[in-house]
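Chemist: Input entry_11.tsv, format and content: TSV, C-alpha atoms and all ligand atoms.
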chain	number	residue	atom	x	y	z
A	1	MET	CA	-14.48	19.46	-33.58
A	2	THR	CA	-12.72	17.03	-31.21
A	3	ARG	CA	-14.94	15.10	-28.83
A	4	THR	CA	-14.65	15.83	-25.08
A	5	PRO	CA	-13.21	12.72	-23.40
A	6	THR	CA	-15.56	10.98	-20.96
A	7	LEU	CA	-14.22	10.04	-17.52
A	8	LEU	CA	-16.11	7.56	-15.37
A	9	LEU	CA	-15.62	8.13	-11.64
A	10	ILE	CA	-15.93	4.96	-9.56
A	11	LEU	CA	-15.18	6.41	-6.17
A	12	SER	CA	-16.20	6.02	-2.55
A	13	PRO	CA	-18.29	8.81	-0.95
A	14	ALA	CA	-15.09	10.27	0.55
A	15	TRP	CA	-14.32	11.61	-2.93
A	16	ARG	CA	-17.61	13.41	-3.42
A	17	GLY	CA	-15.85	16.78	-3.80
A	18	ILE	CA	-13.64	15.77	-6.68
A	19	GLU	CA	-15.83	17.47	-9.30
A	20	ASP	CA	-15.04	20.79	-7.57
A	21	THR	CA	-11.37	20.47	-8.52
A	22	SER	CA	-9.97	21.17	-11.99
A	23	LEU	CA	-11.38	17.76	-12.97
A	24	GLY	CA	-14.78	19.46	-13.22
A	25	ASP	CA	-13.63	22.49	-15.25
A	26	GLY	CA	-15.23	21.29	-18.50
A	27	ARG	CA	-12.24	19.63	-20.17
A	28	LEU	CA	-13.83	16.24	-19.46
A	29	ARG	CA	-17.34	14.89	-19.37
A	30	LEU	CA	-17.66	13.39	-15.90
A	31	ILE	CA	-19.92	10.45	-15.18
A	32	ARG	CA	-20.37	9.06	-11.68
A	33	HIS	CA	-20.81	5.32	-11.43
A	34	GLY	CA	-23.86	4.53	-9.31
A	35	ARG	CA	-25.41	7.97	-9.87
A	36	ASP	CA	-25.49	8.77	-13.60
A	37	ALA	CA	-26.98	6.55	-16.30
A	38	TYR	CA	-24.44	5.86	-19.06
A	39	ASP	CA	-23.74	3.73	-22.09
A	40	PRO	CA	-20.70	1.50	-21.28
A	41	ALA	CA	-19.34	2.11	-24.79
A	42	GLU	CA	-19.08	5.89	-24.28
A	43	ILE	CA	-16.51	5.74	-21.46
A	44	ASP	CA	-12.96	6.72	-22.49
A	45	TYR	CA	-11.24	6.76	-19.10
A	46	VAL	CA	-11.89	5.53	-15.56
A	47	LEU	CA	-10.72	6.93	-12.22
A	48	SER	CA	-11.07	4.52	-9.32
A	49	PHE	CA	-9.30	2.76	-6.44
A	50	ARG	CA	-11.23	-0.51	-6.29
A	51	PRO	CA	-13.57	-0.90	-9.30
A	52	PRO	CA	-16.40	-3.45	-9.01
A	53	PRO	CA	-15.35	-6.89	-10.36
A	54	GLY	CA	-15.95	-7.29	-14.10
A	55	LEU	CA	-16.98	-3.68	-14.74
A	56	LEU	CA	-13.89	-2.53	-16.67
A	57	ALA	CA	-14.22	-5.37	-19.18
A	58	LYS	CA	-17.72	-4.10	-20.07
A	59	LEU	CA	-16.46	-0.63	-21.04
A	60	THR	CA	-15.73	-1.46	-24.65
A	61	GLY	CA	-14.34	1.96	-25.66
A	62	LEU	CA	-12.04	2.33	-22.66
A	63	LYS	CA	-8.61	3.80	-23.46
A	64	ALA	CA	-6.96	3.84	-20.01
A	65	VAL	CA	-7.57	3.57	-16.29
A	66	PHE	CA	-6.29	5.87	-13.52
A	67	SER	CA	-5.76	4.78	-9.91
A	68	MET	CA	-6.63	7.25	-7.14
A	69	GLY	CA	-3.78	5.81	-5.15
A	70	ALA	CA	-0.20	4.70	-5.45
A	71	GLY	CA	-1.32	1.11	-4.85
A	72	ILE	CA	-3.09	-0.66	-7.69
A	73	ASP	CA	-3.88	-4.03	-6.08
A	74	GLY	CA	-7.57	-2.99	-6.07
A	75	PHE	CA	-7.47	-3.35	-9.87
A	76	LEU	CA	-5.40	-6.50	-10.16
A	77	ALA	CA	-6.53	-8.57	-7.18
A	78	GLY	CA	-9.58	-10.05	-8.93
A	79	GLY	CA	-7.46	-11.33	-11.83
A	80	ASP	CA	-9.92	-9.85	-14.36
A	81	TYR	CA	-8.09	-6.63	-15.28
A	82	PRO	CA	-8.11	-6.26	-19.10
A	83	ALA	CA	-4.35	-6.61	-19.62
A	84	HIS	CA	-4.21	-4.48	-22.78
A	85	LEU	CA	-5.48	-1.38	-20.94
A	86	PRO	CA	-2.86	1.06	-19.65
A	87	LEU	CA	-3.22	1.48	-15.87
A	88	VAL	CA	-1.75	4.68	-14.43
A	89	ARG	CA	-0.84	4.82	-10.76
A	90	PHE	CA	-1.04	8.08	-8.78
A	91	SER	CA	2.34	9.43	-7.86
A	92	ASP	CA	3.19	12.86	-6.53
A	93	ASP	CA	5.71	14.33	-4.13
A	94	SER	CA	2.86	15.43	-1.85
A	95	LEU	CA	1.89	11.77	-1.35
A	96	SER	CA	5.52	10.80	-0.70
A	97	ALA	CA	5.89	13.70	1.76
A	98	GLU	CA	2.80	12.67	3.72
A	99	MET	CA	4.01	9.09	3.94
A	100	ALA	CA	7.46	10.27	5.03
A	101	GLN	CA	5.86	12.37	7.79
A	102	TYR	CA	3.95	9.34	9.05
A	103	LEU	CA	7.05	7.13	9.04
A	104	LEU	CA	9.21	9.76	10.72
A	105	LEU	CA	6.52	10.35	13.36
A	106	TYR	CA	6.40	6.74	14.50
A	107	ALA	CA	10.03	5.81	13.88
A	108	LEU	CA	11.24	8.81	15.88
A	109	ALA	CA	8.69	8.16	18.65
A	110	HIS	CA	10.15	4.64	18.94
A	111	HIS	CA	13.78	5.74	18.62
A	112	ARG	CA	13.38	8.52	21.22
A	113	GLY	CA	11.36	6.35	23.65
A	114	LEU	CA	8.22	8.48	23.57
A	115	ARG	CA	6.05	6.00	25.47
A	116	LEU	CA	8.58	5.83	28.31
A	117	LEU	CA	8.90	9.62	28.45
A	118	GLU	CA	5.13	9.95	28.66
A	119	ALA	CA	4.93	7.33	31.41
A	120	ARG	CA	7.64	9.20	33.35
A	121	GLN	CA	5.82	12.49	32.98
A	122	ALA	CA	2.65	10.85	34.27
A	123	ALA	CA	4.65	9.64	37.31
A	124	HIS	CA	6.31	13.10	37.80
A	125	ASP	CA	9.59	11.22	37.42
A	126	TRP	CA	12.54	13.38	36.26
A	127	GLN	CA	15.27	11.13	34.86
A	128	GLU	CA	17.72	13.10	32.78
A	129	ALA	CA	19.86	10.06	32.27
A	130	MET	CA	17.24	8.43	30.05
A	131	LEU	CA	19.01	9.17	26.78
A	132	PRO	CA	17.73	7.55	23.63
A	133	ARG	CA	19.90	5.09	21.78
A	134	ARG	CA	22.45	6.50	19.37
A	135	THR	CA	21.06	7.36	15.96
A	136	GLU	CA	23.50	5.02	14.24
A	137	ASP	CA	22.18	2.15	16.38
A	138	THR	CA	18.65	2.42	14.95
A	139	ARG	CA	18.88	0.81	11.54
A	140	ILE	CA	15.93	1.53	9.27
A	141	GLY	CA	15.00	-1.16	6.74
A	142	PHE	CA	12.61	-0.29	3.92
A	143	LEU	CA	10.68	-3.05	2.18
A	144	GLY	CA	10.03	-1.32	-1.12
A	145	LEU	CA	12.16	1.45	-2.54
A	146	GLY	CA	9.93	3.01	-5.18
A	147	ALA	CA	9.15	6.73	-5.38
A	148	ILE	CA	7.64	6.85	-1.88
A	149	GLY	CA	10.22	4.62	-0.16
A	150	SER	CA	13.22	6.40	-1.60
A	151	TYR	CA	11.76	9.82	-0.71
A	152	ALA	CA	11.34	8.77	2.94
A	153	ALA	CA	14.66	6.91	3.02
A	154	ASP	CA	16.47	10.08	1.99
A	155	LEU	CA	15.02	11.97	4.98
A	156	PHE	CA	16.08	9.21	7.40
A	157	ILE	CA	19.59	9.28	5.91
A	158	ARG	CA	19.75	13.04	6.40
A	159	LEU	CA	18.90	12.54	10.07
A	160	GLY	CA	21.84	10.17	10.38
A	161	PHE	CA	20.06	6.80	10.45
A	162	PRO	CA	21.65	3.82	8.67
A	163	VAL	CA	19.19	2.88	5.93
A	164	SER	CA	18.79	-0.29	3.91
A	165	GLY	CA	16.19	-1.41	1.43
A	166	TRP	CA	14.82	-4.69	0.19
A	167	SER	CA	13.35	-4.95	-3.29
A	168	ARG	CA	12.86	-7.45	-6.06
A	169	GLY	CA	16.01	-6.40	-7.91
A	170	VAL	CA	19.17	-4.69	-6.65
A	171	LYS	CA	18.78	-0.89	-6.37
A	172	SER	CA	21.74	1.38	-6.36
A	173	ILE	CA	20.70	4.46	-4.40
A	174	PRO	CA	23.48	6.46	-2.69
A	175	GLY	CA	23.54	5.83	1.06
A	176	ILE	CA	21.18	2.84	0.97
A	177	LYS	CA	22.36	-0.71	1.44
A	178	SER	CA	20.44	-2.81	-1.07
A	179	PHE	CA	19.07	-6.31	-0.45
A	180	ALA	CA	17.32	-8.07	-3.31
A	181	GLY	CA	15.16	-11.13	-3.81
A	182	PRO	CA	13.59	-13.64	-1.41
A	183	ASP	CA	16.93	-15.20	-0.40
A	184	ALA	CA	18.09	-11.87	1.01
A	185	LEU	CA	15.08	-11.40	3.28
A	186	PRO	CA	16.53	-13.01	6.46
A	187	ALA	CA	19.71	-10.91	6.23
A	188	PHE	CA	17.65	-7.80	5.54
A	189	PHE	CA	15.38	-8.35	8.55
A	190	ALA	CA	18.34	-9.27	10.78
A	191	GLN	CA	19.74	-5.74	10.43
A	192	SER	CA	16.42	-3.82	10.62
A	193	ASP	CA	15.73	-2.28	14.02
A	194	ILE	CA	12.74	-0.64	12.37
A	195	ALA	CA	11.28	-2.49	9.38
A	196	ILE	CA	8.99	-0.34	7.23
A	197	CYS	CA	6.76	-2.07	4.68
A	198	LEU	CA	5.81	0.01	1.63
A	199	LEU	CA	5.67	-2.84	-0.88
A	200	ALA	CA	3.13	-3.35	-3.61
A	201	LEU	CA	0.86	-6.27	-2.77
A	202	THR	CA	1.59	-9.14	-5.14
A	203	PRO	CA	1.45	-12.94	-4.68
A	204	GLU	CA	5.20	-12.77	-3.87
A	205	THR	CA	4.86	-10.13	-1.13
A	206	LYS	CA	1.61	-11.33	0.50
A	207	GLY	CA	2.36	-12.38	4.10
A	208	ILE	CA	5.97	-11.16	3.92
A	209	LEU	CA	5.70	-9.82	7.49
A	210	ASN	CA	5.53	-13.24	9.11
A	211	ALA	CA	6.99	-15.31	11.95
A	212	ARG	CA	10.24	-15.97	10.03
A	213	ALA	CA	10.73	-12.27	9.40
A	214	PHE	CA	10.02	-11.35	13.03
A	215	ALA	CA	12.33	-14.07	14.38
A	216	ALA	CA	15.14	-12.73	12.16
A	217	MET	CA	14.70	-9.15	13.42
A	218	PRO	CA	16.79	-7.89	16.35
A	219	LYS	CA	15.16	-8.11	19.79
A	220	GLY	CA	13.20	-4.96	20.57
A	221	ALA	CA	12.60	-4.11	16.90
A	222	LEU	CA	9.60	-2.19	15.58
A	223	VAL	CA	7.49	-3.05	12.53
A	224	ILE	CA	5.63	-0.39	10.55
A	225	ASN	CA	3.16	-1.51	7.88
A	226	ALA	CA	1.86	1.29	5.66
A	227	ALA	CA	1.44	-0.80	2.51
A	228	ARG	CA	-1.42	-3.33	2.56
A	229	GLY	CA	-2.96	-5.37	5.36
A	230	ALA	CA	-2.32	-8.64	3.55
A	231	HIS	CA	1.44	-8.15	3.85
A	232	LEU	CA	1.10	-8.95	7.54
A	233	VAL	CA	0.32	-12.26	9.23
A	234	SER	CA	-1.42	-10.76	12.27
A	235	GLU	CA	-1.23	-13.90	14.44
A	236	ASP	CA	2.55	-14.04	13.90
A	237	LEU	CA	2.87	-10.39	14.88
A	238	LEU	CA	0.84	-10.87	18.05
A	239	ALA	CA	3.00	-13.88	19.01
A	240	ALA	CA	6.24	-11.94	18.39
A	241	LEU	CA	4.99	-9.00	20.49
A	242	ASP	CA	3.67	-11.17	23.29
A	243	SER	CA	6.91	-13.15	23.53
A	244	GLY	CA	8.74	-9.83	24.02
A	245	HIS	CA	10.86	-10.29	20.91
A	246	LEU	CA	9.39	-7.32	19.04
A	247	SER	CA	8.75	-4.16	21.04
A	248	GLY	CA	6.00	-2.66	18.91
A	249	ALA	CA	4.11	-2.35	15.67
A	250	VAL	CA	2.51	0.57	13.87
A	251	LEU	CA	-0.23	-0.51	11.48
A	252	ASP	CA	-2.04	1.77	9.03
A	253	VAL	CA	-3.47	-0.93	6.77
A	254	PHE	CA	-5.53	-4.01	7.47
A	255	GLU	CA	-7.22	-6.97	5.90
A	256	PRO	CA	-10.15	-6.34	5.89
A	257	GLU	CA	-10.72	-2.60	6.16
A	258	PRO	CA	-12.24	-1.09	8.20
A	259	LEU	CA	-10.52	-3.13	10.91
A	260	PRO	CA	-13.33	-5.10	12.63
A	261	LYS	CA	-14.26	-3.69	16.03
A	262	ASP	CA	-13.42	-6.99	17.75
A	263	SER	CA	-9.91	-7.30	16.29
A	264	PRO	CA	-7.27	-7.83	19.01
A	265	LEU	CA	-5.03	-5.39	17.14
A	266	TRP	CA	-7.09	-2.41	18.35
A	267	SER	CA	-6.30	-2.79	22.03
A	268	HIS	CA	-2.90	-4.46	22.08
A	269	PRO	CA	-0.63	-2.31	24.27
A	270	LYS	CA	2.29	-2.55	21.85
A	271	ILE	CA	0.33	-1.81	18.68
A	272	THR	CA	-0.57	1.57	17.22
A	273	VAL	CA	-3.54	1.42	14.84
A	274	THR	CA	-4.28	4.21	12.36
A	275	PRO	CA	-7.15	4.05	9.82
A	276	HIS	CA	-5.29	3.95	6.47
A	277	ILE	CA	-4.38	7.63	6.65
A	278	ALA	CA	-0.57	7.49	6.37
A	279	ALA	CA	-0.75	9.21	2.99
A	280	PHE	CA	-3.90	10.48	1.38
A	281	SER	CA	-4.29	11.38	-2.32
A	282	GLN	CA	-5.44	15.03	-2.34
A	283	GLY	CA	-8.31	15.59	-4.79
A	284	ASP	CA	-6.84	18.65	-6.54
A	285	VAL	CA	-3.46	16.96	-7.01
A	286	VAL	CA	-5.11	13.80	-8.38
A	287	ALA	CA	-7.17	15.99	-10.72
A	288	ARG	CA	-4.06	17.64	-12.19
A	289	HIS	CA	-2.40	14.24	-12.58
A	290	VAL	CA	-5.44	12.73	-14.35
A	291	LEU	CA	-5.93	15.74	-16.65
A	292	ALA	CA	-2.27	15.66	-17.66
A	293	GLY	CA	-2.45	11.89	-18.21
A	294	ILE	CA	-5.59	12.11	-20.35
A	295	ALA	CA	-4.06	14.97	-22.38
A	296	ALA	CA	-1.03	12.73	-23.02
A	297	PHE	CA	-3.20	9.78	-24.13
A	298	GLU	CA	-5.25	12.08	-26.38
A	299	ARG	CA	-2.00	13.25	-28.03
A	300	GLY	CA	-1.13	9.60	-28.61
A	301	GLU	CA	1.58	9.59	-25.91
A	302	MET	CA	2.00	7.44	-22.81
A	303	PRO	CA	2.06	9.35	-19.49
A	304	ASP	CA	4.53	8.45	-16.71
A	305	ASN	CA	3.64	5.95	-13.99
A	306	ILE	CA	2.17	3.23	-16.19
A	307	VAL	CA	1.86	0.00	-14.20
A	308	ASP	CA	3.55	-3.17	-15.42
A	309	ILE	CA	0.48	-5.44	-15.23
A	310	ALA	CA	2.43	-8.72	-15.43
A	311	ARG	CA	4.78	-7.63	-12.61
A	312	GLY	CA	1.87	-6.33	-10.52
A	313	TYR	CA	3.14	-2.79	-9.72
B	1	LIG	C1	-2.58	4.19	-1.91
B	1	LIG	C2	-3.20	4.10	-0.58
B	1	LIG	O1	-2.39	3.16	-2.55
B	1	LIG	O2	-3.69	5.12	-0.08
B	1	LIG	O3	-2.28	5.31	-2.34
B	1	LIG	O4	-3.21	3.03	0.01
Let's see the structure in the file written out as structure tokens.
Modeler:
Amino acid sequence: MTRTPTLLLILSPAWRGIEDTSLGDGRLRLIRHGRDAYDPAEIDYVLSFRPPPGLLAKLTGLKAVFSMGAGIDGFLAGGDYPAHLPLVRFSDDSLSAEMAQYLLLYALAHHRGLRLLEARQAAHDWQEAMLPRRTEDTRIGFLGLGAIGSYAADLFIRLGFPVSGWSRGVKSIPGIKSFAGPDALPAFFAQSDIAICLLALTPETKGILNARAFAAMPKGALVINAARGAHLVSEDLLAALDSGHLSGAVLDVFEPEPLPKDSPLWSHPKITVTPHIAAFSQGDVVARHVLAGIAAFERGEMPDNIVDIARGY
């Protein structure tokens, strides 16, 4: 008789309901870190977002690790990830669709001048002549063109926006102007009226949203960061907003999280703060993804979405 694989859940309380999805239907033995006693050698798989430092190395029978999210910096940041262990990122069209909704919401609000329209309504001020800028004049620049970025970019293209993307290597995606490598960053930012950061956090991308980037951007540009807080140098953003060069920023991610109550980002008039909700991994979808991944490993196959540990994403 084949042994039921054991999955260790190392999850925040927000995920308490995950056993009620297909993950709890008996195909796996579930163990909750912090609640159930267990022998480290009996764990076959782990599902987590930010495992405690050093824990994975103690699980001597571990076959693979699954990330609850698309981002896997929570595994690699400490530098102690056991490099031989396959790490599987979460990827699903539902996650890409949620992120695309978030980006469209704030990019369109900026493009169509929502704040101004609201101020005019408050003043009972009817000004038909206030037309938004032409669609082709709002150039959208994506930092990161993986599954999520290219999904969202496609929707912007269909709405008529000029779209470009910056990534480590050249990408050839129809309709998207590709910029690649650090040397191309100034030219990329110079033609981004809305710069959207969806990059993986690596030593190369940390602090990529900085004073140089903002100075290169066109006057009045908007920055959206839905990747990781450490991509942004907050002081540089505040300076670029206060000087009037940038017109706004939409921030979903912060360093640290939760954003401290006394952070100036909360109350800045040109900043929109959301609490890391741009895209949320739905428990039942994650469960299907993990079950399919474990079934593949148990058959001796590699599932899709394996992270390149050396590259960092
Ligand atoms: C993710 C996230 O990585 O939610 O999926 O940040």
Chemist: Give me, as a list in words, the set of residues whose atoms come within 8 Å of any atom of ligand LIG 1 (chain B), counting all atoms listed in the file.
Modeler: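 Those within range of ligand LIG 1 (chain B) are Phe49, Met68, Gly69, Ala70, Gly71, Ile72, Phe90, Leu95, Ala226, Ala227, Arg228, Val253, His276, Ile277, Ala278, Ala279, Phe280 and Ser281 of chain A.
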Chemist: Distance CA of Gly207 in chain A-CA of Val250 in chain A, one decimal place?
Modeler: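 Taking CA of Gly207 in chain A as the start and CA of Val250 in chain A as the end point, the length is 16.2 Å.
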Chemist: From the set A:Ala152, A:Ala57, A:Ala41, A:Leu201, which residue has the shortest atom-to-atom contact distance to Arg311 in chain A, counting only C-alpha atoms?
Modeler: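 Comparing A:Ala152, A:Ala57, A:Ala41, A:Leu201 against Arg311 in chain A, the winner is A:Leu201.
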Chemist: One decimal, in Å: what's the spacing between CA of Glu98 in chain A and CA of Ala147 in chain A?
Modeler: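 Computed distance, CA of Glu98 in chain A to CA of Ala147 in chain A, equals 12.6 Å.
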Chemist: Around (19.3, 2.0, 10.9) in the file's own coordinates, what residues are found within 6 Å if you use all atoms listed in the file, given back as a list of chain:residue names?
Modeler: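 Checking each residue against the 6 Å limit leaves A:Thr138, A:Arg139, A:Ile140, A:Phe161, A:Pro162, A:Val163.
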